[in-house]
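Undergrad: My structure is below; once you've seen it, I'll send some questions.
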Amino acid sequence: MKLPILIVKYAIACALGLVLFSAQAQETPKQENHGIAVTDIDRSLKPGDDFFRYTNGEWLKRTEIPPDRAAVGVFNTLNDVANKRTAGLIEEAAKSSAGAASGARKISNLYKSYMDEAGIEAKGVAPLRPHLDAIAAIHDKRELARALGGGLRADVDPLNNTNFHTANLFGLWVAPGFSDSEHYTPYLLQGGLQLPDREYYLADNEGMRKIRTQYQAHVSAMLKLAGFSEPDARAAHVVELEHAIAEKHVSLADDQDIHKANNVWKQSDFASKAPGLDWGEYFRAAGLSQQSSFIVWQPSAFAGESALVASTPLETWKDWLAYHLIEAYGGVLPKAFADERFAFFGKTMSGTPEQLPRWQRAVGIVDFRLGDEVGKIYAERYFPSAAKARADAMVANIIAAFRKRIEALPWMDPATKAEAQSKLTTLYVGIGYPETWQDYSAYEVKPDDIFGNVWRSNLFKYRHEIERLGKSVDRHEWCMTPQTVNAVNLPLQNALNFPAAILQPPFFDPDAPDAVNYGAIGAIIGHEISHTFDSEGSTFDSKGSLRNWWTPADLEHFNAATAKLVAQYNSYHPFPDLALNGQQTLAENIADVAGLAASYDGYHASLGNGTAPTQDGFSGDQQFFVAYGQAHKNKAREAALRQQVLTNEHSPSEYRTDTVRNIDSWYEAFAVKPGEKLYLDQPGRVRIW
Ligand SMILES: [Zn+2]
């Protein structure tokens, strides 16, 4: 467990990421009409001069960025909507009198147990006591190894949710294997730090030094609250140990390089490759002694951390274990613990002035720990099967469009084309909600025991994960709940998930014309599909195995074809002294233009021989492109925009919108003429797929 504060995933969590907007919400969506928002269009501008402001100009004029926000856009508005709906469902379940074994009762019990502040205060530190006693009883390094192994949890996910952090010594991820994508395989990742990354311990600058001082005071305060003697001295040792662990950690940039992560260790290798920790005892306590091999994500960190187990005094490790336990459960202990945690992790670390109201944190806990139980109700209520059928049909048309485009590529080797086609054949695009739901029947939830509920939830998830090791992979399994405003690419499953909560206006509206849905969510779906066979997707084959299936000649042609796009984006200057970096944003810019082009083809396939209906005088094609622009509606402060240009792999919304200039039919739709600012002659327009 990381922060039992309301967990909201901003932006996109997929490894091959799709970040659309990343600020927080303000405006409540007004959906008077089903289709493009004509009142947002600035008709004083020519589409060919500035398409972003043409589609969004009136909205930009009337929208103020709230003083405490860096930007405002569509994504955040949807987040607010989904959060309110989820809260409503949970509160409804909490009032119901559903049967003891039902999902609604579990939701209700979990919610009530978190809201039971009086009960939590009355228990004090009693729920911690047996666990602290067990730590105090550790006599030697063998028993320490047992405690460390018993603490292993399935709390990391380096590829789908890009979560590399666990405060436990190591973290487990169960997923299809890099080389055997047919079976669930255990991945082990480095851990042991409470602060988010090794840089917090190692970086030599004023800001980080200050955080470190405050962190040590926080560790001491937590130990003191739990009744430990000499909390200052213990805290100093704990922070010293974490510093030593941080020195062994691999950097985030190296973490993200999957070619460095594919290290298969037999269980018997650990003792020789990472001596120090009693691995036999560790794996036994973790319930993994039967597991013959593992993929070790960061071998050097395993060697380093294991050596620290041997070289660091037992008493320091015991204090580390105790503090990590108190921290992990601080949010469900009496108020003094939760307040101290928030003062450090909320205020100091994140600059958040106030804790969310308790009921909102309760909603966050339920959503996190019973996500599918809530998701089942969410999907039923807010994403009817007719909406799903409509979106599924769009996906089929867009995939068919990609198929034709790949087949027609003059430069791609036939063998590479064949693999790209079979990737399209096996690609699973999950829309709205999963086909099967997580079964929580083995998870016991009591109405008056939040500590136990959280403890059992972590253990339930861990057992669920290790029980399926070696079993066949379900490629249709989801890694996001329907109520999540996000989308994700699962490369080892060759799958995409588009949860119900992102399939809302202005991205998707079952009552809107096809033109609008293809222009908005269709282009996003196309964007993600493009990633599955571009320079990133070429790393994984049609079965999801780690294997490069491009020939060197293909790569060379691809690079030549994309050079024009690099130049196009290099020419954009959001500020006189700052240009976009076409190379840094290349993969995303390719996915944008490819996704838009394929979605346009899919849209026309959906029309068959029919003519598209007009809306407020806009033709079908015009609606398609306007919807694309309006899906990128966003207003950011200068500092935020500058930071995005410098550090993000996605171009700012304005320039993502302007990629319409690469599509011939956009010129026809808006009668764009030479001399207009976005006009490109035929050779200047970029076609990738
Ligand atoms: Zn992307």
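Going by the structure tokens order, chains are called A, B, ..., each with residues numbered from 1, while ligands are numbered from 1 in the order shown.
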Which residues are near Gly192 (chain A)? Cut-off 6 Å, only C-alpha atoms, ignore same chain within fewer than 6 positions. Put them as a PDB file with N, CA and C atoms, in the first residue's frame.
TA:
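What landed in out_30.pdb:
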ATOM      1  N   ALA A 167       7.703  -0.062  -1.046  1.00  0.00           N
ATOM      2  CA  ALA A 167       8.497   0.201   0.154  1.00  0.00           C
ATOM      3  C   ALA A 167       8.997  -1.098   0.776  1.00  0.00           C
ATOM      4  N   ASN A 168       8.402  -2.249   0.364  1.00  0.00           N
ATOM      5  CA  ASN A 168       8.944  -3.542   0.818  1.00  0.00           C
ATOM      6  C   ASN A 168      10.319  -3.743   0.198  1.00  0.00           C
ATOM      7  N   LEU A 169      11.079  -4.709   0.735  1.00  0.00           N
ATOM      8  CA  LEU A 169      12.448  -4.887   0.234  1.00  0.00           C
ATOM      9  C   LEU A 169      12.453  -5.127  -1.277  1.00  0.00           C
TER      10      LEU A 169
END
Undergrad: Name the residues in contact with Leu189 (chain A) at a cut-off of 10 Å, using only C-alpha atoms, excluding same-chain residues fewer than 5 positions from it; report them as a compact mmCIF listing (two decimals) with C-alpha atoms, in the first residue's frame.
TA:
# COMPACT_ATOMS: atom_id res chain seq x y z
CA ASP A 155 2.45 -4.18 -5.56
CA VAL A 156 4.51 -3.22 -8.63
CA ASP A 157 3.77 -3.18 -12.35
CA PRO A 158 6.62 -1.86 -14.47
CA PHE A 164 8.20 0.79 -10.08
CA HIS A 165 7.83 1.64 -6.42
CA THR A 166 7.42 -0.58 -3.39
CA LEU A 169 12.45 -4.89 0.23
CA PHE A 170 11.36 -6.21 -3.17
CA GLY A 171 8.13 -6.21 -5.18
CA LEU A 172 6.41 -8.91 -7.24
CA TRP A 173 4.67 -8.53 -10.59
CA ASP A 255 14.23 0.88 -15.14
CA ALA A 261 15.18 -6.07 -17.45
CA ILE A 295 12.78 -12.47 -14.11
CA VAL A 296 14.93 -10.09 -12.08
CA TRP A 297 14.35 -6.54 -13.32
CA GLN A 298 17.43 -4.94 -11.73
CA PRO A 299 20.11 -7.59 -10.97
CA ALA A 301 20.05 -3.80 -7.03
CA PHE A 302 19.27 -7.35 -5.93
Undergrad: Mind checking which residues fall within 12 Å of Asp116 (chain A), counting only C-alpha atoms, ignoring those fewer than 2 positions away in the same chain, and posting them as a list in words?
TA: Asn109, Leu110, Tyr111, Lys112, Ser113, Tyr114, Ala118, Gly119, Ile120, Glu121, Ala122, Lys123, Val332, Leu333, Pro334, Lys335, Arg358, Trp359, Ala362, Lys446, Pro447, Asp448, Asp449, Ile450 and Phe451 of chain A
Undergrad: List every residue of region 306-539 of chain A that DSSP, applied to the backbone of this structure, assigns to helix (DSSP H, G or I), and report them as number ranges by chain.
TA: A: 306-311, 314-332, 335-350, 358-369, 371-382, 385-407, 414-426, 450-467, 491-493, 500-502, 514-532, 537-539
Undergrad: Could you check how far CA of Ala286 (chain A) sits from CA of Asn160 (chain A), in Å to one decimal?
TA: 23.7 Å
Undergrad: Report, in Å to a single decimal, how far apart CA of Ala104 (chain A) and CA of Asp367 (chain A) are.
TA: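 CA of Ala104 (chain A) lies 12.6 Å from CA of Asp367 (chain A).
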Undergrad: Smallest atom-to-atom distance to ligand 1: which of A:Leu277, A:Ala639, A:Ala500, A:Val488, using only C-alpha atoms and all ligand atoms?
TA: A:Val488
Undergrad: Might you pull out every residue within 10 Å of region 675-678 of chain A, with only C-alpha atoms counted and same-chain residues fewer than 4 positions away left off, and present them as a ChimeraX atom specification?
TA: /A:46-51,658-662,667
Undergrad: Output C-alpha atoms for every residue in that selection, as an mmCIF file, in the first residue's frame.
TA:
data_model
loop_
_atom_site.group_PDB
_atom_site.id
_atom_site.type_symbol
_atom_site.label_atom_id
_atom_site.label_comp_id
_atom_site.auth_asym_id
_atom_site.auth_seq_id
_atom_site.Cartn_x
_atom_site.Cartn_y
_atom_site.Cartn_z
ATOM 1 C CA LYS A 46 -9.952 30.473 -40.984
ATOM 2 C CA PRO A 47 -9.572 26.723 -40.279
ATOM 3 C CA GLY A 48 -6.535 26.732 -42.590
ATOM 4 C CA ASP A 49 -4.778 29.401 -40.523
ATOM 5 C CA ASP A 50 -5.188 28.057 -37.000
ATOM 6 C CA PHE A 51 -7.225 24.896 -36.657
ATOM 7 C CA ASP A 658 -2.706 20.862 -36.248
ATOM 8 C CA THR A 659 -1.556 17.483 -37.565
ATOM 9 C CA VAL A 660 -4.798 17.589 -39.604
ATOM 10 C CA ARG A 661 -2.640 19.459 -42.162
ATOM 11 C CA ASN A 662 -1.090 16.114 -43.130
ATOM 12 C CA TYR A 667 -8.014 20.376 -47.134
#
Undergrad: Mind checking DSSP for region 508-611 of chain A and telling me the strand (DSSP E or B) residues as a list in words?
TA: Phe540, Leu546, Phe575 and Leu578 of chain A
Undergrad: Just to confirm, what's the straight-line distance from CA of Phe402 (chain A) to CA of Ser179 (chain A) in Å (one decimal)?
TA: 27.0 Å
Undergrad: Please determine, counting only C-alpha atoms, which residue among A:Asp681, A:Pro552, A:Gly191, A:Ala605 has the shortest atom-to-atom distance to Ala393 (chain A).
TA: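 Closest to Ala393 (chain A) of all the choices is A:Ala605.
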Undergrad: Just want the 8 Å neighbourhood of Trp549 (chain A), counted on only C-alpha atoms, with same-chain residues fewer than 4 positions away dropped. Output as a PyMOL selection string.
TA: chain A and resi 416+419+538-541
Undergrad: For those residues, write N, CA and C atoms to a file as a PDB file, in the first residue's frame.
TA:
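again-v3.pdb was written with the following content:
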ATOM      1  N   THR A 416       7.905  -8.534 -42.574  1.00  0.00           N
ATOM      2  CA  THR A 416       7.530  -7.588 -41.519  1.00  0.00           C
ATOM      3  C   THR A 416       6.035  -7.270 -41.616  1.00  0.00           C
ATOM      4  N   GLU A 419       3.978  -9.989 -40.095  1.00  0.00           N
ATOM      5  CA  GLU A 419       3.938  -9.962 -38.631  1.00  0.00           C
ATOM      6  C   GLU A 419       3.046  -8.812 -38.145  1.00  0.00           C
ATOM      7  N   SER A 538       7.517  -2.548 -32.242  1.00  0.00           N
ATOM      8  CA  SER A 538       8.310  -3.564 -32.933  1.00  0.00           C
ATOM      9  C   SER A 538       9.117  -4.402 -31.951  1.00  0.00           C
ATOM     10  N   THR A 539       9.142  -3.982 -30.682  1.00  0.00           N
ATOM     11  CA  THR A 539       9.850  -4.736 -29.644  1.00  0.00           C
ATOM     12  C   THR A 539       9.094  -6.005 -29.250  1.00  0.00           C
ATOM     13  N   PHE A 540       7.766  -5.983 -29.399  1.00  0.00           N
ATOM     14  CA  PHE A 540       6.948  -7.138 -29.005  1.00  0.00           C
ATOM     15  C   PHE A 540       6.232  -7.704 -30.226  1.00  0.00           C
ATOM     16  N   ASP A 541       6.225  -9.031 -30.363  1.00  0.00           N
ATOM     17  CA  ASP A 541       5.593  -9.630 -31.543  1.00  0.00           C
ATOM     18  C   ASP A 541       4.101  -9.887 -31.310  1.00  0.00           C
TER      19      ASP A 541
END
Undergrad: So that I can see what lies close to Phe344 (chain A), please list as a list of chain:residue names the residues with an atom at most 10 Å from it, counting only C-alpha atoms and leaving out residues fewer than 2 positions away in the same chain.
TA: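 Listed by chain and then number, they are A:Ile211, A:Gln214, A:Tyr215, A:Ala217, A:His218, A:Val219, A:Asp339, A:Glu340, A:Arg341, A:Phe342, A:Gly346, A:Lys347, A:Thr348, A:Met349, A:Ser350, A:Gly351.
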Undergrad: From the list A:Gly617, A:Pro275, A:Gly595, A:Pro683, which residue is nearest ligand 1 when using only C-alpha atoms and all ligand atoms?
TA: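 Looking at the shortest contact to ligand 1, the residue is A:Gly595.
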